[in-house]
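Structure, as structure tokens:
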Amino acid sequence: MNISVIWKLLVSVLVVGWALANLLPLEDKDFGDYLEARATANPVEYTAFLERAKANVNDETPLILAVKQTANAEKLDLYGEFFPEVNLVEVKNLEKRNNILVDVLYDHSRGKLRKGLDLAGGVAFTLEMDEEVADETAAGKRLEKATEIMQDRVNGLGVAEPIIRAIPPNKLEVQLPGLDLKKNPEAADELKKPARLSFHLVHRDLIPGPGVQTPPGYMAMTEEFEDKETGEMMERQYFITRLPYASGSIVDNARATMGAFGGYEVSLNLTDEGGQIFGEMTEEVDREDQRREAQGRPARGLIATVLDGKLYSAVGLSNGAIWGGAASITGNYTLLEAQELANVLNNPLEYELKVGEKYEVSPTLAEDARDSSVKAALTGAGLVVAFMILYYFVAGFIAMISVSLAIIIVLGVLMSVGGTLTLPGVAALVLTIGMAVDANILIFERIREELRTGKSLKAALQSGYDKAFSTIIDANVTTLITASILIWLGTGPVKGFGVTLAIGIGASMFGALIISRWMLELLVNIGLMKKMLPFNLLKSAKFTFLNYRKPAFIISWLIVAAGVVAVLTHRDHILGIDFRGGVELTFDFDQANKPSLTDIYELADANDLGEVQPGYLSLIGEDAERLKVQIDLDEGRSEQVITVLETAFPDAKLVKISENLIGGSVSHAITQNAFASIAVALFGILLYIWLRFEFGYGLGAVVATIHDLLMSIGIYVILGQFFEIGSGQFTAPMVAAVLMIVGYSINDTIVVFDRIREELDLNPDMTLFDVVNLGINRTLSRTLLTSITTLMAALALFIFGAGVVTDFALIFIIGIITGTFSSIFIASPVFFWYHKGDRDHVTSTHLERPTYEWETTTRRAKDEAEKA
């Protein structure tokens, strides 16, 4: 086994092992059972303690709170007595240490594969603003702003898959997957904090106490702090100015950092104006310090930091005035406390929120719909695996091992950053399998070309990887540009898709270039693989595609125009509740005659009730469930739905108890950011290809991507609105489906363009017309094979899936077909027309395929291998 195989094998094991560590265990463990088995010291005393804690469990006090309360009431050090291996030596305060330990144990008892609301349900609660605003417009803007801030707090990276929507006039509903407020009722506490930060000056001469009057312009506040030796909580009182010197608006961003003397603190980066204000405040304090020191007066000036009405710290200056735009909030926090504080400071609310109703939410998809969609996903994945193995034999088997490991890496990374797996996410992963084999197919087809020249299998393997490397890098870098801009400019699910796309790109490249390669090299080197790639879809295609460029171009853009007209004429019907908002009806019912979600969905279809999203919830502390039905805003829809449900389910004895307007879970800001992100991404792609290839290539790629987006959306709407194939509506998961089309289109086009550029260099006497046709023909087998594998996955999801999965698959099927078509009949003709069919116009500006340093340094070794 040579060194190349060894290092690739070791890296693969480490990366996949890390991913598995972030995925396992998959399921939650019962917290009580986990506690019983977890302690490592004093088992007899620990069992007795757990019995005392369980005796305190009731409807208001779940086990996690009972353990904390019992330990703190008994002044029992759980860390020192039962869990000495947990590193909490830095936390001196007994109560804080116990609370942290129990929270860590609860977190460890939960499965690491977090499932979304559609698969596993979760918890929900309402957050209500104390102050009402008479002006409806102002109230709406305030509520929309609060929704966006809550989205950022809960879903900073966009991968947590919550549902956050406004309930006019002054409420928000937050649904979070994977939480249980019965077991962990403190989960909602951090979200309701407004994070109103202010900086005050402390009175230098007076402190509150008996007989001490509050000086004018000041107020008394108490700071709680932890004694560094004993860990006991202590108090200090100060008089601080009523009016703050500066507010939290001077803060640009906050982050958790290590403190200078242990523990954690929150470092603040200030805005330019904020840095000036903070500098002036500290300069004023420093100047008075120096004046008093000159007079022999000892009272040093302090600056107080107040957050949400609580005094967090009062500190003096150690090195004079602070300029430079940085500050910190000290307080000997734990890492989690510092991170939570930084999170709310980065997303401050103007108004106080209070938690209203708390309830558990059932899975939003009917059980049979979930089961059928999961089976569809498995069928799609199985079809791709079977095709690759049948077509490529051993090489296909290795490719599917590498793709499977790449999927594990994707899931591991997603779980490590707080990701949640939804049913559309499962569908996206299946489609990713189809797309991820693309790099393997590209490499295998290059190896096939090398074998045709008479090279040995070992030499063809080396040369095939080398020649495919540039194409793989270019194709993935352009897609990575898209992902980076979605992360940079996007919010919510748009940013989440960017994160997932970037992770997927890295994982699929790792699988193809590292995992597949060492496996193939190992089998070839030890002689277990003698032959490779027995079948050939298109051995020597010689189609003159450019002969059909004009009719293909005209017809395709006529279809795009028809789609645009369909979108405009049906714009009031194509956006679902997730975008437009709707009405939420809540019913009590006879618990013995619970209507099934499947029956409600079928009723909605049969009676033309529009979009209907049913689900069940139960208030925390109550056993009875309630039926919640979200419907569209069409006039008279509520009465129609109520009548149909009461008629269909007379034994359920449905009683409407509330009817509320609800906002969309995908805000206008998210939608606008999605369009802006795509526009900037297209510009970034144009710039990259211009610099990396030549402007004509970039223009062709951008035009083809716009074509694919418009055509896919238009055909999807036409099929749904006129032919009842799919719903023709766009819901929140469809955002990711549309963005996937962008990635697929770009990837396919770059593969073709990279080959055209290579053929220009290899065939200096050939016309541009012939070179473009040759490049398309040379990549045709790869293009069709990638399309086939991805179509297999998408068709399985469309045929056997249910609900949003069907729509998700349908628009992607359209995207696959349009992407394959456009790389041949849109991107390439645009490139050809831009250069007016003149190859000299191209070669005078285009860049040759680069030769990488590693290629040059291994030239001799490759030459020797080719002779073998």
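If you're wondering about the labels, chains in the structure tokens are A, B, ... by order shown, residues count from 1 in each chain, ligands from 1 in order shown.
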- Item | Residue neighbourhood A:Gly615, 12 Å, only C-alpha atoms, exclusion window fewer than 6 positions, as a PyMOL selection string | chain A and resi 117-118+121-122+360-367+584-587+594-601+625-631
Atoms kept (N, CA and C atoms) for selection, written as a PDB file, in the first residue's frame:
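This is the output file result17.pdb:
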ATOM      1  N   LEU A 117     -40.386  19.451  12.406  1.00  0.00           N
ATOM      2  CA  LEU A 117     -41.773  19.474  12.867  1.00  0.00           C
ATOM      3  C   LEU A 117     -42.651  18.531  12.062  1.00  0.00           C
ATOM      4  N   ASP A 118     -42.337  18.373  10.778  1.00  0.00           N
ATOM      5  CA  ASP A 118     -43.167  17.514   9.945  1.00  0.00           C
ATOM      6  C   ASP A 118     -42.989  16.042  10.278  1.00  0.00           C
ATOM      7  N   GLY A 121     -42.851  16.459  15.089  1.00  0.00           N
ATOM      8  CA  GLY A 121     -43.530  17.453  15.898  1.00  0.00           C
ATOM      9  C   GLY A 121     -42.538  18.240  16.735  1.00  0.00           C
ATOM     10  N   GLY A 122     -43.037  18.850  17.791  1.00  0.00           N
ATOM     11  CA  GLY A 122     -42.159  19.653  18.645  1.00  0.00           C
ATOM     12  C   GLY A 122     -42.987  20.427  19.641  1.00  0.00           C
ATOM     13  N   GLU A 360     -47.678  21.388  22.942  1.00  0.00           N
ATOM     14  CA  GLU A 360     -46.957  20.428  22.118  1.00  0.00           C
ATOM     15  C   GLU A 360     -47.633  20.347  20.755  1.00  0.00           C
ATOM     16  N   VAL A 361     -46.822  20.170  19.714  1.00  0.00           N
ATOM     17  CA  VAL A 361     -47.335  20.108  18.350  1.00  0.00           C
ATOM     18  C   VAL A 361     -47.074  18.711  17.807  1.00  0.00           C
ATOM     19  N   SER A 362     -48.097  18.106  17.217  1.00  0.00           N
ATOM     20  CA  SER A 362     -47.924  16.796  16.604  1.00  0.00           C
ATOM     21  C   SER A 362     -47.213  16.952  15.258  1.00  0.00           C
ATOM     22  N   PRO A 363     -46.680  15.858  14.712  1.00  0.00           N
ATOM     23  CA  PRO A 363     -46.096  15.954  13.365  1.00  0.00           C
ATOM     24  C   PRO A 363     -47.100  16.542  12.375  1.00  0.00           C
ATOM     25  N   THR A 364     -46.628  17.481  11.554  1.00  0.00           N
ATOM     26  CA  THR A 364     -47.535  18.183  10.651  1.00  0.00           C
ATOM     27  C   THR A 364     -47.906  17.366   9.425  1.00  0.00           C
ATOM     28  N   LEU A 365     -47.200  16.279   9.168  1.00  0.00           N
ATOM     29  CA  LEU A 365     -47.554  15.384   8.068  1.00  0.00           C
ATOM     30  C   LEU A 365     -48.281  14.164   8.614  1.00  0.00           C
ATOM     31  N   ALA A 366     -49.307  13.732   7.893  1.00  0.00           N
ATOM     32  CA  ALA A 366     -49.997  12.512   8.280  1.00  0.00           C
ATOM     33  C   ALA A 366     -49.029  11.334   8.248  1.00  0.00           C
ATOM     34  N   GLU A 367     -49.284  10.344   9.105  1.00  0.00           N
ATOM     35  CA  GLU A 367     -48.345   9.225   9.242  1.00  0.00           C
ATOM     36  C   GLU A 367     -48.155   8.472   7.935  1.00  0.00           C
ATOM     37  N   GLU A 584     -56.107  30.736  10.924  1.00  0.00           N
ATOM     38  CA  GLU A 584     -55.931  29.520  11.722  1.00  0.00           C
ATOM     39  C   GLU A 584     -57.189  29.271  12.532  1.00  0.00           C
ATOM     40  N   LEU A 585     -57.814  28.130  12.290  1.00  0.00           N
ATOM     41  CA  LEU A 585     -58.994  27.710  13.034  1.00  0.00           C
ATOM     42  C   LEU A 585     -58.582  26.674  14.070  1.00  0.00           C
ATOM     43  N   THR A 586     -59.067  26.803  15.292  1.00  0.00           N
ATOM     44  CA  THR A 586     -58.757  25.839  16.354  1.00  0.00           C
ATOM     45  C   THR A 586     -60.065  25.239  16.855  1.00  0.00           C
ATOM     46  N   PHE A 587     -60.093  23.907  16.984  1.00  0.00           N
ATOM     47  CA  PHE A 587     -61.312  23.188  17.367  1.00  0.00           C
ATOM     48  C   PHE A 587     -61.046  22.310  18.582  1.00  0.00           C
ATOM     49  N   LYS A 594     -61.146  11.083  17.046  1.00  0.00           N
ATOM     50  CA  LYS A 594     -60.183  12.032  16.488  1.00  0.00           C
ATOM     51  C   LYS A 594     -60.105  11.882  14.973  1.00  0.00           C
ATOM     52  N   PRO A 595     -60.387  12.938  14.199  1.00  0.00           N
ATOM     53  CA  PRO A 595     -60.254  12.861  12.735  1.00  0.00           C
ATOM     54  C   PRO A 595     -58.793  12.672  12.344  1.00  0.00           C
ATOM     55  N   SER A 596     -58.546  11.856  11.334  1.00  0.00           N
ATOM     56  CA  SER A 596     -57.164  11.646  10.902  1.00  0.00           C
ATOM     57  C   SER A 596     -56.736  12.774   9.969  1.00  0.00           C
ATOM     58  N   LEU A 597     -55.457  13.090   9.997  1.00  0.00           N
ATOM     59  CA  LEU A 597     -54.939  14.141   9.120  1.00  0.00           C
ATOM     60  C   LEU A 597     -55.093  13.750   7.658  1.00  0.00           C
ATOM     61  N   THR A 598     -54.936  12.452   7.361  1.00  0.00           N
ATOM     62  CA  THR A 598     -55.087  11.984   5.980  1.00  0.00           C
ATOM     63  C   THR A 598     -56.491  12.268   5.466  1.00  0.00           C
ATOM     64  N   ASP A 599     -57.505  11.994   6.296  1.00  0.00           N
ATOM     65  CA  ASP A 599     -58.890  12.248   5.891  1.00  0.00           C
ATOM     66  C   ASP A 599     -59.134  13.738   5.648  1.00  0.00           C
ATOM     67  N   ILE A 600     -58.525  14.576   6.470  1.00  0.00           N
ATOM     68  CA  ILE A 600     -58.707  16.027   6.297  1.00  0.00           C
ATOM     69  C   ILE A 600     -58.070  16.487   4.993  1.00  0.00           C
ATOM     70  N   TYR A 601     -56.858  15.992   4.686  1.00  0.00           N
ATOM     71  CA  TYR A 601     -56.214  16.345   3.411  1.00  0.00           C
ATOM     72  C   TYR A 601     -57.082  15.904   2.229  1.00  0.00           C
ATOM     73  N   GLU A 625     -56.238  16.967  23.288  1.00  0.00           N
ATOM     74  CA  GLU A 625     -55.674  17.586  22.091  1.00  0.00           C
ATOM     75  C   GLU A 625     -56.671  18.555  21.475  1.00  0.00           C
ATOM     76  N   ARG A 626     -56.171  19.446  20.649  1.00  0.00           N
ATOM     77  CA  ARG A 626     -57.008  20.338  19.864  1.00  0.00           C
ATOM     78  C   ARG A 626     -56.603  20.220  18.401  1.00  0.00           C
ATOM     79  N   LEU A 627     -57.571  20.388  17.524  1.00  0.00           N
ATOM     80  CA  LEU A 627     -57.309  20.363  16.083  1.00  0.00           C
ATOM     81  C   LEU A 627     -57.055  21.790  15.610  1.00  0.00           C
ATOM     82  N   LYS A 628     -55.945  21.969  14.904  1.00  0.00           N
ATOM     83  CA  LYS A 628     -55.595  23.282  14.358  1.00  0.00           C
ATOM     84  C   LYS A 628     -55.564  23.150  12.839  1.00  0.00           C
ATOM     85  N   VAL A 629     -56.306  24.007  12.150  1.00  0.00           N
ATOM     86  CA  VAL A 629     -56.372  23.956  10.696  1.00  0.00           C
ATOM     87  C   VAL A 629     -56.027  25.338  10.142  1.00  0.00           C
ATOM     88  N   GLN A 630     -54.964  25.396   9.357  1.00  0.00           N
ATOM     89  CA  GLN A 630     -54.581  26.648   8.708  1.00  0.00           C
ATOM     90  C   GLN A 630     -55.084  26.635   7.273  1.00  0.00           C
ATOM     91  N   ILE A 631     -55.748  27.730   6.874  1.00  0.00           N
ATOM     92  CA  ILE A 631     -56.357  27.813   5.549  1.00  0.00           C
ATOM     93  C   ILE A 631     -55.986  29.145   4.910  1.00  0.00           C
TER      94      ILE A 631
END
- Task: Using only C-alpha atoms, determine which residues lie at most 8 Å from stretch 712-719 of chain A, disregarding the query and same-chain residues fewer than 4 positions distant; provide the list as a list in words.
- Result: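 With the cut-off at 8 Å, the set is Ile559, Val560, Ala562, Gly563, Val564, Ala566, Val567, Ile574, Asp708, Phe723, Glu724, Ile725, Gly726, Gly728, Gln729, Val738, Leu810, Ile811, Phe812, Ile814, Gly815 and Thr818 of chain A.
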For those residues, write all heavy atoms to a file as a short mmCIF file (atom, residue, chain, number, x, y, z; two decimals), in the first residue's frame.
data_model
loop_
_atom_site.label_atom_id
_atom_site.label_comp_id
_atom_site.auth_asym_id
_atom_site.auth_seq_id
_atom_site.Cartn_x
_atom_site.Cartn_y
_atom_site.Cartn_z
N ILE A 559 -41.55 29.22 -24.43
CA ILE A 559 -42.07 28.50 -23.26
C ILE A 559 -41.84 29.32 -21.99
O ILE A 559 -42.71 29.40 -21.12
CB ILE A 559 -41.41 27.11 -23.15
CG1 ILE A 559 -41.79 26.24 -24.34
CG2 ILE A 559 -41.81 26.42 -21.84
CD1 ILE A 559 -41.04 24.91 -24.41
N VAL A 560 -40.66 29.94 -21.90
CA VAL A 560 -40.38 30.81 -20.75
C VAL A 560 -41.42 31.93 -20.69
O VAL A 560 -41.96 32.26 -19.62
CB VAL A 560 -38.95 31.39 -20.84
CG1 VAL A 560 -38.77 32.50 -19.81
CG2 VAL A 560 -37.92 30.30 -20.61
N ALA A 562 -44.46 31.96 -21.88
CA ALA A 562 -45.75 31.40 -21.45
C ALA A 562 -45.77 31.18 -19.95
O ALA A 562 -46.79 31.43 -19.28
CB ALA A 562 -46.00 30.09 -22.20
N GLY A 563 -44.66 30.72 -19.42
CA GLY A 563 -44.57 30.51 -17.97
C GLY A 563 -44.67 31.81 -17.19
O GLY A 563 -45.33 31.88 -16.15
N VAL A 564 -44.00 32.84 -17.68
CA VAL A 564 -44.06 34.15 -17.02
C VAL A 564 -45.50 34.66 -17.01
O VAL A 564 -46.00 35.19 -16.00
CB VAL A 564 -43.13 35.16 -17.72
CG1 VAL A 564 -43.37 36.57 -17.19
CG2 VAL A 564 -41.67 34.75 -17.51
N ALA A 566 -48.22 32.84 -17.13
CA ALA A 566 -48.97 32.00 -16.18
C ALA A 566 -48.73 32.45 -14.75
O ALA A 566 -49.66 32.51 -13.93
CB ALA A 566 -48.57 30.54 -16.35
N VAL A 567 -47.48 32.78 -14.43
CA VAL A 567 -47.15 33.24 -13.08
C VAL A 567 -47.86 34.56 -12.78
O VAL A 567 -48.45 34.75 -11.70
CB VAL A 567 -45.62 33.40 -12.92
CG1 VAL A 567 -45.30 34.13 -11.61
CG2 VAL A 567 -44.94 32.04 -12.93
N ILE A 574 -50.53 31.27 -6.45
CA ILE A 574 -49.35 30.39 -6.45
C ILE A 574 -48.52 30.49 -5.18
O ILE A 574 -47.66 29.65 -4.94
CB ILE A 574 -48.45 30.68 -7.68
CG1 ILE A 574 -47.92 32.12 -7.65
CG2 ILE A 574 -49.19 30.40 -8.97
CD1 ILE A 574 -46.93 32.40 -8.77
N ASP A 708 -33.17 28.71 -16.99
CA ASP A 708 -33.61 27.51 -16.26
C ASP A 708 -34.53 27.88 -15.10
O ASP A 708 -35.52 27.18 -14.84
CB ASP A 708 -32.39 26.75 -15.73
CG ASP A 708 -31.56 26.16 -16.86
OD1 ASP A 708 -32.03 26.17 -18.01
OD2 ASP A 708 -30.42 25.73 -16.59
N PHE A 723 -53.20 21.81 -15.46
CA PHE A 723 -53.29 20.37 -15.69
C PHE A 723 -53.38 19.57 -14.38
O PHE A 723 -53.44 18.33 -14.43
CB PHE A 723 -52.08 19.89 -16.50
CG PHE A 723 -51.97 20.54 -17.85
CD1 PHE A 723 -51.11 21.61 -18.06
CD2 PHE A 723 -52.75 20.09 -18.91
CE1 PHE A 723 -51.00 22.22 -19.29
CE2 PHE A 723 -52.64 20.69 -20.16
CZ PHE A 723 -51.78 21.76 -20.36
N GLU A 724 -53.37 20.25 -13.24
CA GLU A 724 -53.48 19.62 -11.92
C GLU A 724 -52.42 18.55 -11.71
O GLU A 724 -52.65 17.52 -11.06
CB GLU A 724 -54.88 19.03 -11.72
CG GLU A 724 -55.97 20.09 -11.71
CD GLU A 724 -57.34 19.52 -11.37
OE1 GLU A 724 -57.44 18.29 -11.21
OE2 GLU A 724 -58.29 20.31 -11.28
N ILE A 725 -51.24 18.79 -12.28
CA ILE A 725 -50.06 17.96 -11.99
C ILE A 725 -49.23 18.71 -10.97
O ILE A 725 -48.62 19.73 -11.28
CB ILE A 725 -49.25 17.69 -13.27
CG1 ILE A 725 -50.11 16.97 -14.31
CG2 ILE A 725 -48.00 16.87 -12.94
CD1 ILE A 725 -49.42 16.81 -15.66
N GLY A 726 -49.23 18.25 -9.72
CA GLY A 726 -48.64 19.03 -8.65
C GLY A 726 -49.63 20.11 -8.21
O GLY A 726 -50.70 20.29 -8.80
N GLY A 728 -48.89 23.43 -8.03
CA GLY A 728 -48.66 24.72 -8.66
C GLY A 728 -48.46 25.84 -7.67
O GLY A 728 -48.41 27.01 -8.05
N GLN A 729 -48.34 25.50 -6.38
CA GLN A 729 -48.14 26.51 -5.33
C GLN A 729 -46.74 26.42 -4.77
O GLN A 729 -46.10 25.37 -4.80
CB GLN A 729 -49.15 26.30 -4.19
CG GLN A 729 -50.50 26.93 -4.44
CD GLN A 729 -51.30 27.03 -3.16
OE1 GLN A 729 -51.16 26.21 -2.24
NE2 GLN A 729 -52.16 28.04 -3.06
N VAL A 738 -36.08 25.51 -5.65
CA VAL A 738 -35.73 26.48 -6.71
C VAL A 738 -34.24 26.79 -6.67
O VAL A 738 -33.57 26.87 -7.71
CB VAL A 738 -36.56 27.77 -6.54
CG1 VAL A 738 -36.07 28.86 -7.49
CG2 VAL A 738 -38.04 27.49 -6.80
N LEU A 810 -41.24 17.51 -8.29
CA LEU A 810 -41.71 17.91 -9.61
C LEU A 810 -40.91 19.08 -10.16
O LEU A 810 -40.45 19.05 -11.31
CB LEU A 810 -43.20 18.28 -9.55
CG LEU A 810 -43.80 18.84 -10.86
CD1 LEU A 810 -43.66 17.82 -11.99
CD2 LEU A 810 -45.26 19.24 -10.65
N ILE A 811 -40.73 20.12 -9.36
CA ILE A 811 -40.01 21.28 -9.89
C ILE A 811 -38.55 20.94 -10.15
O ILE A 811 -37.92 21.48 -11.07
CB ILE A 811 -40.15 22.50 -8.95
CG1 ILE A 811 -39.74 23.78 -9.70
CG2 ILE A 811 -39.34 22.32 -7.67
CD1 ILE A 811 -40.08 25.05 -8.97
N PHE A 812 -38.01 19.97 -9.40
CA PHE A 812 -36.62 19.60 -9.64
C PHE A 812 -36.51 18.73 -10.90
O PHE A 812 -35.51 18.82 -11.62
CB PHE A 812 -36.03 18.88 -8.43
CG PHE A 812 -34.53 18.89 -8.45
CD1 PHE A 812 -33.84 20.07 -8.28
CD2 PHE A 812 -33.81 17.73 -8.68
CE1 PHE A 812 -32.45 20.09 -8.32
CE2 PHE A 812 -32.42 17.75 -8.72
CZ PHE A 812 -31.74 18.94 -8.54
N ILE A 814 -38.34 19.15 -13.52
CA ILE A 814 -38.35 20.17 -14.57
C ILE A 814 -36.98 20.84 -14.66
O ILE A 814 -36.45 21.07 -15.75
CB ILE A 814 -39.45 21.21 -14.28
CG1 ILE A 814 -40.82 20.55 -14.23
CG2 ILE A 814 -39.43 22.31 -15.35
CD1 ILE A 814 -41.91 21.43 -13.66
N GLY A 815 -36.39 21.12 -13.49
CA GLY A 815 -35.07 21.76 -13.47
C GLY A 815 -33.98 20.91 -14.07
O GLY A 815 -33.08 21.42 -14.76
N THR A 818 -34.55 21.06 -17.93
CA THR A 818 -34.19 22.37 -18.49
C THR A 818 -32.69 22.63 -18.35
O THR A 818 -32.07 23.23 -19.24
CB THR A 818 -34.98 23.50 -17.78
OG1 THR A 818 -34.73 23.45 -16.38
CG2 THR A 818 -36.46 23.37 -18.04
#
- Task: Compile the contact shell of stretch 757-767 of chain A as a ChimeraX atom specification: residues with an atom at most 10 Å away, counting only C-alpha atoms, same-chain residues fewer than 5 positions apart removed.
- Result: /A:467,471,693-694,697,752,772,774-775,778,837-840,842-843,846-849
- Task: Would you list the contacts of A:Gln672 as an MDAnalysis selection string, taking every protein, DNA or RNA residue within 12 Å and counting only C-alpha atoms, but skipping same-chain residues closer than 2 positions in sequence?
- Result: chainID A and resid 486 489:492 494 579 666:670 674:679 735
- Please return as number ranges by chain: the residues of stretch 657-813 of chain A that backbone DSSP assigns to strand (DSSP E or B). A: 657-662, 730
Just C-alpha atoms for this one: save the residues we selected as a PDB file, in the first residue's frame.
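In the end it all went to again.pdb:
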ATOM      1  CA  ILE A 657     -62.852  27.852  19.875  1.00  0.00           C
ATOM      2  CA  SER A 658     -60.750  30.421  18.001  1.00  0.00           C
ATOM      3  CA  GLU A 659     -60.138  31.954  14.578  1.00  0.00           C
ATOM      4  CA  ASN A 660     -57.008  34.056  14.090  1.00  0.00           C
ATOM      5  CA  LEU A 661     -55.214  35.729  11.245  1.00  0.00           C
ATOM      6  CA  ILE A 662     -51.642  34.428  10.936  1.00  0.00           C
ATOM      7  CA  PHE A 730     -44.978  27.602  -3.594  1.00  0.00           C
TER       8      PHE A 730
END
- May I have the residues within 7 Å of stretch 203-207 of chain A as a VMD selection string, using only C-alpha atoms and disregarding those fewer than 2 positions away in the same chain? chain A and resid 201 209 237 to 240 299 to 301
- Apply DSSP to the backbone of this structure and, from stretch 313-372 of chain A, keep only the residues in helix (DSSP H, G or I); write these as a list in words.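 Checking each residue of stretch 313-372 of chain A, the helix (DSSP H, G or I) ones are Leu335, Leu336, Glu337, Ala338, Gln339, Glu340, Leu341, Ala342, Asn343, Val344, Leu345, Asn346, Glu367, Asp368, Ala369, Arg370, Asp371 and Ser372 of chain A.
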Would you save the residues from that selection as a compact mmCIF listing (two decimals), in the first residue's frame, using N, CA, C and O atoms?
# COMPACT_ATOMS: atom_id res chain seq x y z
N LEU A 335 -19.65 29.22 29.23
CA LEU A 335 -19.63 29.42 27.79
C LEU A 335 -21.05 29.54 27.23
O LEU A 335 -21.34 30.41 26.41
N LEU A 336 -21.96 28.66 27.68
CA LEU A 336 -23.33 28.68 27.18
C LEU A 336 -24.01 30.00 27.54
O LEU A 336 -24.70 30.60 26.71
N GLU A 337 -23.83 30.46 28.79
CA GLU A 337 -24.44 31.73 29.20
C GLU A 337 -23.91 32.89 28.36
O GLU A 337 -24.68 33.77 27.93
N ALA A 338 -22.60 32.90 28.11
CA ALA A 338 -22.02 33.97 27.31
C ALA A 338 -22.53 33.92 25.87
O ALA A 338 -22.80 34.96 25.26
N GLN A 339 -22.66 32.72 25.32
CA GLN A 339 -23.16 32.59 23.95
C GLN A 339 -24.62 33.04 23.85
O GLN A 339 -25.01 33.71 22.89
N GLU A 340 -25.43 32.66 24.84
CA GLU A 340 -26.84 33.07 24.82
C GLU A 340 -26.97 34.58 24.95
O GLU A 340 -27.79 35.22 24.27
N LEU A 341 -26.16 35.17 25.83
CA LEU A 341 -26.19 36.62 26.01
C LEU A 341 -25.75 37.33 24.73
O LEU A 341 -26.37 38.31 24.29
N ALA A 342 -24.69 36.83 24.11
CA ALA A 342 -24.23 37.43 22.85
C ALA A 342 -25.30 37.32 21.77
O ALA A 342 -25.51 38.25 20.98
N ASN A 343 -26.01 36.19 21.75
CA ASN A 343 -27.05 35.98 20.73
C ASN A 343 -28.17 37.01 20.86
O ASN A 343 -28.61 37.60 19.86
N VAL A 344 -28.66 37.24 22.10
CA VAL A 344 -29.75 38.19 22.25
C VAL A 344 -29.27 39.62 22.02
O VAL A 344 -30.00 40.47 21.52
N LEU A 345 -27.99 39.91 22.35
CA LEU A 345 -27.46 41.25 22.09
C LEU A 345 -27.34 41.51 20.59
O LEU A 345 -27.50 42.65 20.13
N ASN A 346 -27.05 40.47 19.84
CA ASN A 346 -26.96 40.63 18.39
C ASN A 346 -28.32 40.78 17.74
O ASN A 346 -28.42 41.22 16.59
N GLU A 367 -49.28 10.34 9.10
CA GLU A 367 -48.34 9.23 9.24
C GLU A 367 -48.15 8.47 7.93
O GLU A 367 -47.03 8.12 7.57
N ASP A 368 -49.26 8.25 7.20
CA ASP A 368 -49.12 7.51 5.94
C ASP A 368 -48.37 8.33 4.90
O ASP A 368 -47.63 7.79 4.07
N ALA A 369 -48.53 9.67 4.94
CA ALA A 369 -47.79 10.54 4.02
C ALA A 369 -46.30 10.50 4.34
O ALA A 369 -45.46 10.46 3.44
N ARG A 370 -45.99 10.50 5.64
CA ARG A 370 -44.58 10.40 6.04
C ARG A 370 -43.98 9.08 5.59
O ARG A 370 -42.89 9.03 5.01
N ASP A 371 -44.73 7.99 5.85
CA ASP A 371 -44.23 6.66 5.49
C ASP A 371 -44.02 6.53 3.99
O ASP A 371 -42.99 6.01 3.54
N SER A 372 -45.00 6.99 3.20
CA SER A 372 -44.88 6.85 1.75
C SER A 372 -43.74 7.70 1.21
O SER A 372 -43.02 7.28 0.29
- Name the closest residue to A:Gly156 among the candidates A:Ala561, A:Ala592, A:Ile487, A:Ala704; distances are taken between atoms, counting only C-alpha atoms.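 So, comparing all the options, the nearest one is A:Ile487.
When only C-alpha atoms are used to measure the gap to A:Thr241, the shortest distance among A:Leu533, A:Phe199, A:Glu224, A:Ala254 belongs to A:Phe199.
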- Option closest in space to A:Glu235, from A:Gly636, A:Gly116, A:Pro208, A:Pro215 [counting only C-alpha atoms]: A:Pro208
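Of the residues under consideration (A:Val771, A:Glu622, A:Phe825, A:Leu558), A:Glu622 shows the shortest atom-to-atom contact distance to A:Glu60 when counting only C-alpha atoms.
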- stretch 158-169 of chain A environment, 9 Å, only C-alpha atoms, sequence neighbours closer than 6 positions dropped, as a PyMOL selection string: chain A and resi 114+116-117+124+126+132-133+136+139-140+143-144+146-148+150-152+175-177+414+417-422+487+490-500+578+581+660-667
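Shortest separation to A:Ala624 among A:Phe49, A:Tyr359, A:Phe800, A:Phe31 occurs at residue A:Tyr359, atoms counted being only C-alpha atoms.
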- Message: Set the distance at 9 Å and use only C-alpha atoms: which residues neighbour A:Gly248 once local chain neighbours fewer than 2 positions away are removed? I'd like the list as a PyMOL selection string.
- Response: chain A and resi 195-199+246+250-252+307+345+348
Residues of stretch 462-498 of chain A that approach stretch 437-444 of chain A to 7 Å or less, counting only C-alpha atoms: could you list each one with the shortest pair of atoms and its distance in Å to one decimal, rows by chain and increasing residue number, as a Markdown table?
| residue | atom | partner | partner_atom | distance |
| --- | --- | --- | --- | --- |
| A:Gly464 | CA | A:Ile443 | CA | 6.0 |
| A:Tyr465 | CA | A:Ile443 | CA | 5.8 |
| A:Ala468 | CA | A:Ile443 | CA | 5.6 |
| A:Ile472 | CA | A:Ala439 | CA | 6.5 |
